[in-house]
$ cat entry23.tsv   # TSV, C-alpha atoms
chain	number	residue	atom	x	y	z
E	1	MET	CA	118.98	92.16	91.31
E	2	ARG	CA	119.60	94.25	88.24
E	3	TRP	CA	120.86	97.68	87.70
E	4	PRO	CA	117.98	99.38	85.92
E	5	LEU	CA	120.26	100.56	83.17
E	6	GLY	CA	120.48	98.01	80.35
E	7	LYS	CA	123.76	97.49	78.59
E	8	LYS	CA	122.55	98.93	75.34
E	9	ARG	CA	121.11	102.00	76.92
E	10	GLU	CA	124.32	102.54	78.78
E	11	GLN	CA	126.38	102.35	75.60
E	12	ASN	CA	124.01	104.74	73.94
E	13	LEU	CA	124.28	107.29	76.64
E	14	GLU	CA	128.02	106.94	76.64
E	15	ARG	CA	128.17	107.64	72.90
E	16	GLU	CA	125.97	110.63	73.39
E	17	LEU	CA	127.98	112.04	76.24
E	18	ARG	CA	131.19	111.46	74.36
E	19	SER	CA	130.10	113.59	71.43
E	20	HIS	CA	128.87	116.25	73.82
E	21	LEU	CA	132.19	116.41	75.60
E	22	GLN	CA	134.05	116.48	72.31
E	23	LEU	CA	132.08	119.52	71.25
E	24	GLU	CA	132.80	121.18	74.55
E	25	ALA	CA	136.50	120.64	74.07
E	26	GLU	CA	136.33	122.08	70.55
E	27	GLU	CA	134.54	125.11	71.86
E	28	GLN	CA	137.32	125.73	74.27
E	29	LEU	CA	139.72	125.61	71.38
E	30	GLU	CA	137.70	128.20	69.51
E	31	ARG	CA	137.58	130.33	72.60
E	32	GLY	CA	141.30	130.78	72.26
E	33	LEU	CA	142.78	128.03	74.31
E	34	SER	CA	146.07	126.92	72.82
E	35	LEU	CA	145.94	123.73	70.81
E	36	GLU	CA	148.00	122.03	73.44
E	37	GLN	CA	145.67	123.09	76.22
E	38	ALA	CA	142.59	122.15	74.25
E	39	GLN	CA	143.98	118.77	73.39
E	40	TYR	CA	144.83	118.23	76.99
E	41	THR	CA	141.31	119.20	78.01
E	42	ALA	CA	139.79	116.97	75.38
E	43	GLN	CA	141.94	114.07	76.40
E	44	ARG	CA	141.24	114.62	80.01
E	45	VAL	CA	137.54	114.69	79.39
E	46	LEU	CA	137.28	112.00	76.76
E	47	GLY	CA	140.00	109.74	77.98
E	48	ASN	CA	138.48	109.68	81.38
E	49	LYS	CA	136.22	106.70	81.20
E	50	THR	CA	135.59	106.79	84.88
E	51	LEU	CA	134.36	110.32	84.70
E	52	LEU	CA	131.99	109.38	81.92
E	53	LYS	CA	130.76	106.34	83.73
E	54	GLU	CA	130.33	108.21	86.94
E	55	GLU	CA	128.38	110.88	85.24
E	56	MET	CA	126.19	108.27	83.62
E	57	ARG	CA	125.56	106.45	86.82
E	58	GLU	CA	124.70	109.68	88.45
E	59	MET	CA	122.19	110.36	85.69
E	60	TRP	CA	120.62	106.97	85.78
E	61	ARG	CA	120.41	107.00	89.47
E	62	TRP	CA	118.56	110.23	89.12
E	63	THR	CA	116.29	109.12	86.33
E	64	SER	CA	115.38	105.69	87.52
E	65	LEU	CA	115.68	106.01	91.20
E	66	GLU	CA	114.63	109.57	91.75
E	67	ARG	CA	111.61	108.71	93.76
E	68	PHE	CA	113.19	105.69	95.31
E	69	TRP	CA	115.90	107.91	96.69
E	70	GLN	CA	113.49	110.38	98.08
E	71	ASP	CA	111.83	107.59	99.94
E	72	LEU	CA	115.18	106.35	101.03
E	73	ARG	CA	116.37	109.63	102.37
E	74	TYR	CA	113.29	109.63	104.49
E	75	ALA	CA	113.91	106.06	105.49
E	76	VAL	CA	117.47	106.82	106.47
E	77	ARG	CA	116.34	109.69	108.60
E	78	VAL	CA	113.77	107.58	110.32
E	79	LEU	CA	116.23	104.79	110.83
E	80	ARG	CA	118.86	107.05	112.27
E	81	LYS	CA	116.34	108.08	114.83
E	82	ASN	CA	115.03	104.67	115.64
E	83	LEU	CA	117.48	101.99	114.76
E	84	GLY	CA	120.36	103.40	116.78
E	85	PHE	CA	121.45	101.72	119.86
E	86	SER	CA	118.18	101.35	121.63
E	87	ALA	CA	116.36	99.20	119.11
E	88	ALA	CA	116.59	95.47	119.05
E	89	ALA	CA	120.12	95.76	117.89
E	90	VAL	CA	121.73	92.54	116.96
E	91	LEU	CA	125.33	92.79	117.76
E	92	SER	CA	128.21	90.68	116.89
E	93	LEU	CA	131.48	91.86	118.26
E	94	ALA	CA	134.30	92.70	115.93
E	95	LEU	CA	132.96	90.55	113.21
E	96	GLY	CA	135.05	91.77	110.38
E	97	ILE	CA	132.80	90.69	107.64
E	98	GLY	CA	131.75	92.96	104.91
E	99	ALA	CA	128.47	91.84	103.65
E	100	ASN	CA	127.26	95.34	103.02
E	101	THR	CA	124.20	95.90	100.96
E	102	ALA	CA	124.51	97.55	97.58
E	103	ILE	CA	123.70	98.19	94.01
E	104	PHE	CA	127.05	97.56	92.44
E	105	SER	CA	128.54	94.25	93.20
E	106	LEU	CA	132.15	93.56	93.64
E	107	VAL	CA	133.68	90.16	93.98
E	108	ASP	CA	135.82	90.28	97.02
E	109	GLY	CA	136.82	86.69	97.45
E	110	LEU	CA	140.33	87.24	98.68
E	111	TRP	CA	139.19	89.32	101.52
E	112	MET	CA	136.62	86.79	102.62
E	113	ARG	CA	138.91	83.82	102.26
E	114	SER	CA	140.87	84.90	105.29
E	115	MET	CA	137.67	84.70	107.31
E	116	ALA	CA	137.29	80.96	106.89
E	117	VAL	CA	133.79	81.42	105.62
E	118	PRO	CA	132.78	78.40	103.57
E	119	ARG	CA	132.70	79.08	99.80
E	120	SER	CA	133.99	82.58	100.33
E	121	ASN	CA	134.61	82.95	96.60
E	122	GLU	CA	130.87	83.07	96.05
E	123	ILE	CA	130.45	86.14	98.20
E	124	VAL	CA	130.00	89.53	96.66
E	125	ARG	CA	129.95	92.79	98.46
E	126	LEU	CA	127.47	95.43	97.48
E	127	PHE	CA	127.67	99.13	98.03
E	128	SER	CA	126.03	102.21	96.65
E	129	THR	CA	127.70	105.09	94.89
E	130	THR	CA	126.75	108.67	95.41
E	131	SER	CA	128.42	111.87	94.29
E	132	GLN	CA	129.62	112.43	97.82
E	133	ASN	CA	130.81	108.95	98.48
E	134	PRO	CA	131.84	106.37	95.88
E	135	GLU	CA	131.40	103.61	98.43
E	136	ASP	CA	128.37	104.51	100.39
E	137	THR	CA	126.28	102.27	102.59
E	138	PHE	CA	122.61	101.49	102.55
E	139	SER	CA	119.93	101.92	105.10
E	140	TYR	CA	118.32	98.95	106.75
E	141	LEU	CA	115.07	99.49	104.86
E	142	GLU	CA	116.97	99.59	101.65
E	143	TYR	CA	118.63	96.35	102.59
E	144	LEU	CA	115.24	94.75	103.15
E	145	ALA	CA	114.08	95.93	99.74
E	146	LEU	CA	117.21	94.62	98.06
E	147	LYS	CA	116.94	91.35	99.90
E	148	ASP	CA	113.46	90.85	98.53
E	149	GLN	CA	114.67	91.47	95.02
E	150	ALA	CA	117.93	89.58	95.14
E	151	ARG	CA	117.76	86.78	92.64
E	152	GLY	CA	120.45	84.24	92.07
E	153	PHE	CA	121.88	84.69	95.51
E	154	GLN	CA	121.40	82.37	98.42
E	155	GLY	CA	121.06	85.25	100.75
E	156	LEU	CA	121.73	88.89	101.27
E	157	VAL	CA	123.15	89.89	104.60
E	158	ALA	CA	123.74	93.30	106.07
E	159	ARG	CA	126.35	94.68	108.35
E	160	GLY	CA	127.00	98.08	109.83
E	161	GLY	CA	129.76	99.16	112.19
E	162	ARG	CA	129.14	101.08	115.39
E	163	GLY	CA	131.55	102.43	117.94
E	164	ILE	CA	130.66	101.58	121.53
E	165	GLN	CA	132.20	101.87	124.95
E	166	LEU	CA	132.56	98.93	127.24
E	167	PRO	CA	132.64	100.17	130.85
E	168	ASN	CA	135.37	98.77	133.06
E	169	LYS	CA	134.95	98.17	136.77
E	170	ASP	CA	137.34	101.00	137.64
E	171	GLY	CA	135.18	103.59	135.96
E	172	THR	CA	137.18	103.76	132.74
E	173	SER	CA	135.92	102.28	129.54
E	174	GLU	CA	137.24	100.56	126.44
E	175	LEU	CA	136.34	101.63	122.97
E	176	HIS	CA	135.19	98.86	120.65
E	177	THR	CA	133.66	98.44	117.26
E	178	VAL	CA	130.61	96.28	117.08
E	179	ASN	CA	128.80	95.14	114.00
E	180	VAL	CA	125.09	95.40	113.79
E	181	VAL	CA	124.18	92.56	111.49
E	182	SER	CA	121.12	91.07	109.86
E	183	ASP	CA	119.59	87.99	111.45
E	184	ASN	CA	120.61	85.79	108.53
E	185	LEU	CA	124.30	86.67	108.66
E	186	PHE	CA	125.56	83.45	110.22
E	187	SER	CA	123.23	81.08	108.44
E	188	ALA	CA	123.85	82.68	105.04
E	189	LEU	CA	127.60	82.56	105.48
E	190	GLY	CA	127.58	79.10	107.03
E	191	ILE	CA	129.27	80.10	110.27
E	192	GLN	CA	129.08	77.81	113.30
E	193	PRO	CA	129.71	78.97	116.87
E	194	LEU	CA	132.55	77.80	119.10
E	195	ALA	CA	130.44	78.12	122.21
E	196	GLY	CA	126.79	78.82	122.83
E	197	ARG	CA	124.86	79.50	119.67
E	198	ILE	CA	124.47	81.97	116.87
E	199	PHE	CA	121.20	83.61	115.91
E	200	THR	CA	119.21	82.80	112.79
E	201	PRO	CA	116.12	84.30	111.14
E	202	ALA	CA	114.10	81.86	113.27
E	203	ASP	CA	115.10	83.92	116.32
E	204	LYS	CA	113.04	86.81	115.08
E	205	ASP	CA	110.97	87.10	118.23
E	206	LEU	CA	113.98	86.98	120.49
E	207	LEU	CA	115.85	89.54	118.38
E	208	ASN	CA	112.89	91.87	118.42
E	209	HIS	CA	112.67	91.83	122.19
E	210	GLU	CA	116.12	91.33	123.56
E	211	PRO	CA	119.46	92.78	122.60
E	212	VAL	CA	121.80	89.89	121.97
E	213	ALA	CA	125.43	89.64	120.97
E	214	VAL	CA	127.73	87.05	119.52
E	215	LEU	CA	131.32	87.59	120.55
E	216	GLY	CA	134.29	87.56	118.25
E	217	ASN	CA	136.97	85.12	119.28
E	218	SER	CA	139.88	87.43	120.05
E	219	PHE	CA	137.64	89.81	121.96
E	220	TRP	CA	136.30	86.92	123.97
E	221	LYS	CA	139.83	85.74	124.84
E	222	ARG	CA	141.09	89.17	125.71
E	223	ARG	CA	138.18	90.43	127.69
E	224	PHE	CA	136.79	87.28	129.24
E	225	GLY	CA	139.86	85.06	129.32
E	226	SER	CA	138.24	82.42	127.07
E	227	ASP	CA	135.55	81.80	129.68
E	228	ARG	CA	132.74	79.78	128.17
E	229	GLY	CA	130.61	80.75	131.12
E	230	ILE	CA	130.05	84.14	129.51
E	231	VAL	CA	127.39	82.57	127.33
E	232	GLY	CA	124.01	83.54	128.72
E	233	GLN	CA	125.49	86.40	130.74
E	234	GLN	CA	124.77	90.03	130.12
E	235	ILE	CA	127.33	92.63	129.17
E	236	GLU	CA	126.80	96.35	129.18
E	237	PHE	CA	127.52	98.46	126.16
E	238	GLN	CA	127.55	102.21	126.30
E	239	ARG	CA	126.97	104.52	123.41
E	240	GLY	CA	126.75	108.20	124.18
E	241	ASN	CA	124.57	108.46	127.26
E	242	GLN	CA	122.81	105.22	126.58
E	243	ARG	CA	123.66	102.03	128.35
E	244	VAL	CA	122.17	98.79	127.17
E	245	LEU	CA	122.56	95.26	128.42
E	246	PHE	CA	123.22	92.64	125.80
E	247	THR	CA	122.88	88.95	126.41
E	248	VAL	CA	125.78	86.91	125.08
E	249	LEU	CA	124.37	84.26	122.83
E	250	GLY	CA	127.56	82.63	121.70
E	251	VAL	CA	131.19	82.93	120.72
E	252	LEU	CA	132.66	82.64	117.24
E	253	PRO	CA	135.52	80.28	116.41
E	254	GLU	CA	139.08	81.48	116.03
E	255	THR	CA	139.01	80.72	112.33
E	256	PHE	CA	136.49	83.45	111.93
E	257	ARG	CA	138.85	86.29	112.52
E	258	ASP	CA	137.95	89.57	114.09
E	259	ARG	CA	139.20	92.43	112.11
W	1	MET	CA	131.79	122.54	86.36
W	2	ALA	CA	132.06	126.13	87.50
W	3	LYS	CA	129.39	127.20	89.91
W	4	SER	CA	128.30	130.76	89.56
W	5	SER	CA	126.18	132.56	92.08
W	6	THR	CA	124.17	134.21	89.32
W	7	ARG	CA	123.19	130.86	87.92
W	8	ILE	CA	119.52	130.18	88.31
W	9	GLU	CA	118.34	126.73	89.11
W	10	LEU	CA	115.59	125.56	86.85
W	11	LEU	CA	112.34	124.62	88.45
W	12	GLN	CA	111.36	121.00	88.22
W	13	GLY	CA	109.68	120.42	84.90
W	14	THR	CA	110.77	123.73	83.44
W	15	LEU	CA	113.74	122.21	81.68
W	16	ASP	CA	111.41	119.74	79.98
W	17	MET	CA	109.36	122.60	78.62
W	18	LEU	CA	112.44	124.48	77.41
W	19	ILE	CA	113.73	121.40	75.65
W	20	LEU	CA	110.41	120.86	73.90
W	21	ARG	CA	110.30	124.51	72.89
W	22	THR	CA	113.86	124.38	71.55
W	23	LEU	CA	113.03	121.35	69.45
W	24	LEU	CA	110.19	123.25	67.84
W	25	PHE	CA	112.92	124.84	65.69
W	26	GLY	CA	113.90	121.45	64.36
W	27	PRO	CA	115.85	118.37	65.37
W	28	SER	CA	118.90	119.00	67.55
W	29	HIS	CA	121.35	117.00	69.58
W	30	GLY	CA	121.90	117.47	73.28
W	31	HIS	CA	124.76	119.88	72.99
W	32	GLN	CA	122.84	122.12	70.60
W	33	ILE	CA	119.83	122.15	72.88
W	34	ALA	CA	121.94	123.16	75.85
W	35	LYS	CA	123.71	125.85	73.81
W	36	HIS	CA	120.46	127.22	72.50
W	37	ILE	CA	118.97	127.61	75.95
W	38	GLN	CA	122.15	129.18	77.26
W	39	ARG	CA	122.51	131.65	74.42
W	40	THR	CA	118.86	132.62	74.32
W	41	THR	CA	118.85	133.35	78.02
W	42	GLU	CA	122.16	135.19	77.73
W	43	GLU	CA	123.84	132.52	79.81
W	44	ILE	CA	121.50	133.04	82.74
W	45	LEU	CA	120.28	129.50	82.44
W	46	GLN	CA	123.08	126.97	82.36
W	47	VAL	CA	121.99	123.53	81.32
W	48	GLU	CA	124.16	120.95	82.98
W	49	ARG	CA	124.81	117.62	81.31
W	50	GLY	CA	123.68	115.96	84.49
W	51	SER	CA	120.18	117.32	84.11
W	52	LEU	CA	119.98	117.60	80.34
W	53	TYR	CA	120.48	113.98	79.41
W	54	PRO	CA	118.23	112.49	82.04
W	55	ALA	CA	115.57	114.96	80.89
W	56	LEU	CA	116.04	114.02	77.23
W	57	HIS	CA	115.78	110.35	78.01
W	58	ARG	CA	112.76	110.90	80.18
W	59	LEU	CA	111.02	112.85	77.43
W	60	GLU	CA	111.95	110.16	74.94
W	61	ARG	CA	110.42	107.49	77.14
W	62	LYS	CA	107.27	109.53	77.45
W	63	GLY	CA	107.10	109.68	73.67
W	64	TRP	CA	107.22	113.46	73.54
W	65	ILE	CA	110.46	113.43	71.61
W	66	ALA	CA	112.00	110.82	69.33
W	67	ALA	CA	115.68	110.21	68.74
W	68	LYS	CA	117.83	109.07	65.88
W	69	TRP	CA	121.57	108.68	65.47
W	70	GLU	CA	122.92	110.65	62.56
W	71	LEU	CA	126.28	111.48	61.09
W	72	ALA	CA	127.13	115.14	61.22
W	73	GLY	CA	129.98	117.47	61.96
W	74	LYS	CA	132.57	118.98	59.66
W	75	ASP	CA	133.36	115.81	57.78
W	76	LEU	CA	130.12	113.96	58.43
W	77	LYS	CA	132.15	111.45	60.32
W	78	ARG	CA	130.88	112.07	63.76
W	79	GLU	CA	127.58	110.77	64.96
W	80	PHE	CA	125.10	112.59	67.12
W	81	LYS	CA	121.86	111.59	68.67
W	82	TYR	CA	119.32	113.96	67.21
W	83	TYR	CA	116.08	114.56	69.02
W	84	ARG	CA	112.91	115.77	67.38
W	85	LEU	CA	109.52	116.77	68.68
W	86	THR	CA	106.72	114.25	68.15
W	87	ALA	CA	103.06	115.09	67.65
W	88	THR	CA	102.31	114.23	71.29
W	89	GLY	CA	105.30	116.33	72.25
W	90	LYS	CA	103.83	119.33	70.48
W	91	LYS	CA	100.55	118.90	72.32
W	92	GLN	CA	102.45	118.56	75.56
W	93	LEU	CA	104.35	121.75	74.80
W	94	VAL	CA	101.12	123.66	74.32
W	95	ALA	CA	99.78	122.32	77.61
W	96	GLU	CA	103.01	123.12	79.47
W	97	GLU	CA	103.11	126.58	78.01
W	98	SER	CA	99.62	127.45	79.16
W	99	LYS	CA	100.34	126.02	82.58
W	100	TRP	CA	103.51	128.11	82.73
W	101	LYS	CA	101.64	131.26	81.70
W	102	GLN	CA	99.10	130.69	84.45
W	103	PHE	CA	101.88	130.10	86.92
W	104	THR	CA	103.94	133.18	86.06
W	105	GLY	CA	100.76	135.25	85.87
W	106	ALA	CA	99.78	134.13	89.35
W	107	ILE	CA	103.23	134.91	90.74
W	108	ALA	CA	103.21	138.30	89.02
W	109	ARG	CA	99.89	139.23	90.57
W	110	VAL	CA	101.35	138.69	94.03
W	111	MET	CA	104.70	140.25	93.35
W	112	TRP	CA	103.66	143.33	91.43
W	113	PRO	CA	100.04	143.97	92.34
W	114	ALA	CA	100.04	147.61	91.12
W	115	GLU	CA	101.01	146.64	87.62
W	116	GLU	CA	97.98	144.45	87.31
W	117	GLY	CA	95.38	146.92	86.19
$ encode --input "entry23.tsv" --output "structure tokens"
Amino acid sequence: MRWPLGKKREQNLERELRSHLQLEAEEQLERGLSLEQAQYTAQRVLGNKTLLKEEMREMWRWTSLERFWQDLRYAVRVLRKNLGFSAAAVLSLALGIGANTAIFSLVDGLWMRSMAVPRSNEIVRLFSTTSQNPEDTFSYLEYLALKDQARGFQGLVARGGRGIQLPNKDGTSELHTVNVVSDNLFSALGIQPLAGRIFTPADKDLLNHEPVAVLGNSFWKRRFGSDRGIVGQQIEFQRGNQRVLFTVLGVLPETFRDR
Amino acid sequence: MAKSSTRIELLQGTLDMLILRTLLFGPSHGHQIAKHIQRTTEEILQVERGSLYPALHRLERKGWIAAKWELAGKDLKREFKYYRLTATGKKQLVAEESKWKQFTGAIARVMWPAEEG
């Protein structure tokens, strides 16, 4: 996966922008700003590498990915409609893993190390940057496209958080965060279950037809009193007016901490 | 960047044409191009950096303009990326201009029918 902007082109654009901003600062000076003010403005503008970089990224995103983004916006809209809760959602409870999809990569080894994921130092987290949100997420379709193009990685997994309600017998309900994850999450990260099993890309047919969940360890202990018999049972999740039964496929080990 | 309600958003592709037209006067760097458009239109059209540079680079890739780094400024110590119109760029400008004339003419005929004899 490569950012379409080559290093040289990036440096070039930076040089160009720098001289532009310099001229703008000088103009302000001519317009009667005090020297102090103008210098401050110039420094603020020129010294601000992040601003420059952000502006450049914004431009390149626009130039190179203009059409891609248009497609994406459509894709996101479609996904929001369809992928929600009702689709063959693959849920894994409170799985605090951040294998988000992205364009910029960020080594986040420390964070992963606490998850007891094998070779956690080789994991990078990807996210997109937009003018509204410096750490934005990707749509599922975008993830699929990135996954196809990812070179030099063993796998690209996706995760997205969702808030759900878990109805209690007395009519109340508990609020929980579930993670909708890609089918390759466990296999790519090398995670083994404590009880039952985890799903893999080979479970494609199952995942397409039946909502399944893998439980996080602390949730399993708290809610089901460490009962291994929960494997194979169905639990009901509620989101808005929708209620969906998920079959518990397995339970994750304690070492794989819930967030 | 200050947003003004009187600012007019450029139509897609229009900025490209304005850039090409500006470069007909001779090579200029980005800042000069933006200034020229702003001054000529009495500040009605504001050219934002965020649209100017992507447009310049797009036109460069298409081969309609060519760029060269040159030293300039008061003491010739500062370098600027100067853009100039290429031969294909000139042809493109002619084509864009005639398309634009057709377009504005068509709009005018709907908007001000009486004025069209």
$ interface_residues --input "entry23.tsv" --of "chain W" --to "chain E" --cutoff "7 Å" --atoms "all atoms listed in the file" --output "PyMOL selection string"
chain W and resi 31+50+54+80-81
$ axis_aligned_box --input "entry23.tsv" --around "range 85-94 of chain W" --padding-each-side "4 Å" --output "JSON"
{"center_x": 105.0, "center_y": 118.9, "center_z": 71.6, "size_x": 17.0, "size_y": 17.4, "size_z": 15.9}
$ residues_around --input "entry23.tsv" --residues "Pro201 in chain E" --least-positions-apart "5" --cutoff "9 Å" --atoms "all atoms listed in the file" --output "ChimeraX atom specification"
/E:182-185,187,207
$ atom_distance --input "entry23.tsv" --atom1 "CA of Ala34 in chain W" --atom2 "CA of Ala55 in chain W"
11.5 Å
$ residues_near_point --input "entry23.tsv" --point "(104.5, 129.1, 81.5)" --cutoff "12 Å" --atoms "all atoms listed in the file" --output "list of chain:residue names"
W:Leu11, W:Gly13, W:Thr14, W:Leu15, W:Asp16, W:Met17, W:Leu18, W:Arg21, W:Leu93, W:Val94, W:Ala95, W:Glu96, W:Glu97, W:Ser98, W:Lys99, W:Trp100, W:Lys101, W:Gln102, W:Phe103, W:Thr104, W:Gly105, W:Ala106, W:Ile107, W:Ala108
$ atom_distance --input "entry23.tsv" --atom1 "CA of Gly216 in chain E" --atom2 "CA of Val251 in chain E"
6.1 Å
$ closest_residue --input "entry23.tsv" --among "E:Phe246, E:Thr129, E:Val178, E:Gly190" --to "Val212 in chain E" --atoms "only C-alpha atoms"
E:Phe246
$ residues_around --input "entry23.tsv" --residues "Trp64 in chain W" --least-positions-apart "2" --cutoff "7 Å" --atoms "only C-alpha atoms" --output "mmCIF file with C-alpha atoms, in the frame of the given file"
data_model
loop_
_atom_site.group_PDB
_atom_site.id
_atom_site.type_symbol
_atom_site.label_atom_id
_atom_site.label_comp_id
_atom_site.auth_asym_id
_atom_site.auth_seq_id
_atom_site.Cartn_x
_atom_site.Cartn_y
_atom_site.Cartn_z
ATOM 1 C CA LEU W 59 111.020 112.850 77.430
ATOM 2 C CA GLU W 60 111.950 110.160 74.940
ATOM 3 C CA LYS W 62 107.270 109.530 77.450
ATOM 4 C CA ALA W 66 112.000 110.820 69.330
ATOM 5 C CA LEU W 85 109.520 116.770 68.680
ATOM 6 C CA THR W 86 106.720 114.250 68.150
ATOM 7 C CA THR W 88 102.310 114.230 71.290
ATOM 8 C CA GLY W 89 105.300 116.330 72.250
#
$ atom_distance --input "entry23.tsv" --atom1 "CA of Phe199 in chain E" --atom2 "CA of Ser173 in chain E"
27.4 Å
$ closest_residue --input "entry23.tsv" --among "W:Leu76, W:Trp69, W:Lys35, W:Gly30" --to "His57 in chain W" --atoms "all atoms listed in the file"
W:Gly30
$ closest_residue --input "entry23.tsv" --among "E:Leu194, E:Leu215, E:Ile230, E:Ala158" --to "His176 in chain E" --atoms "all atoms listed in the file"
E:Leu215
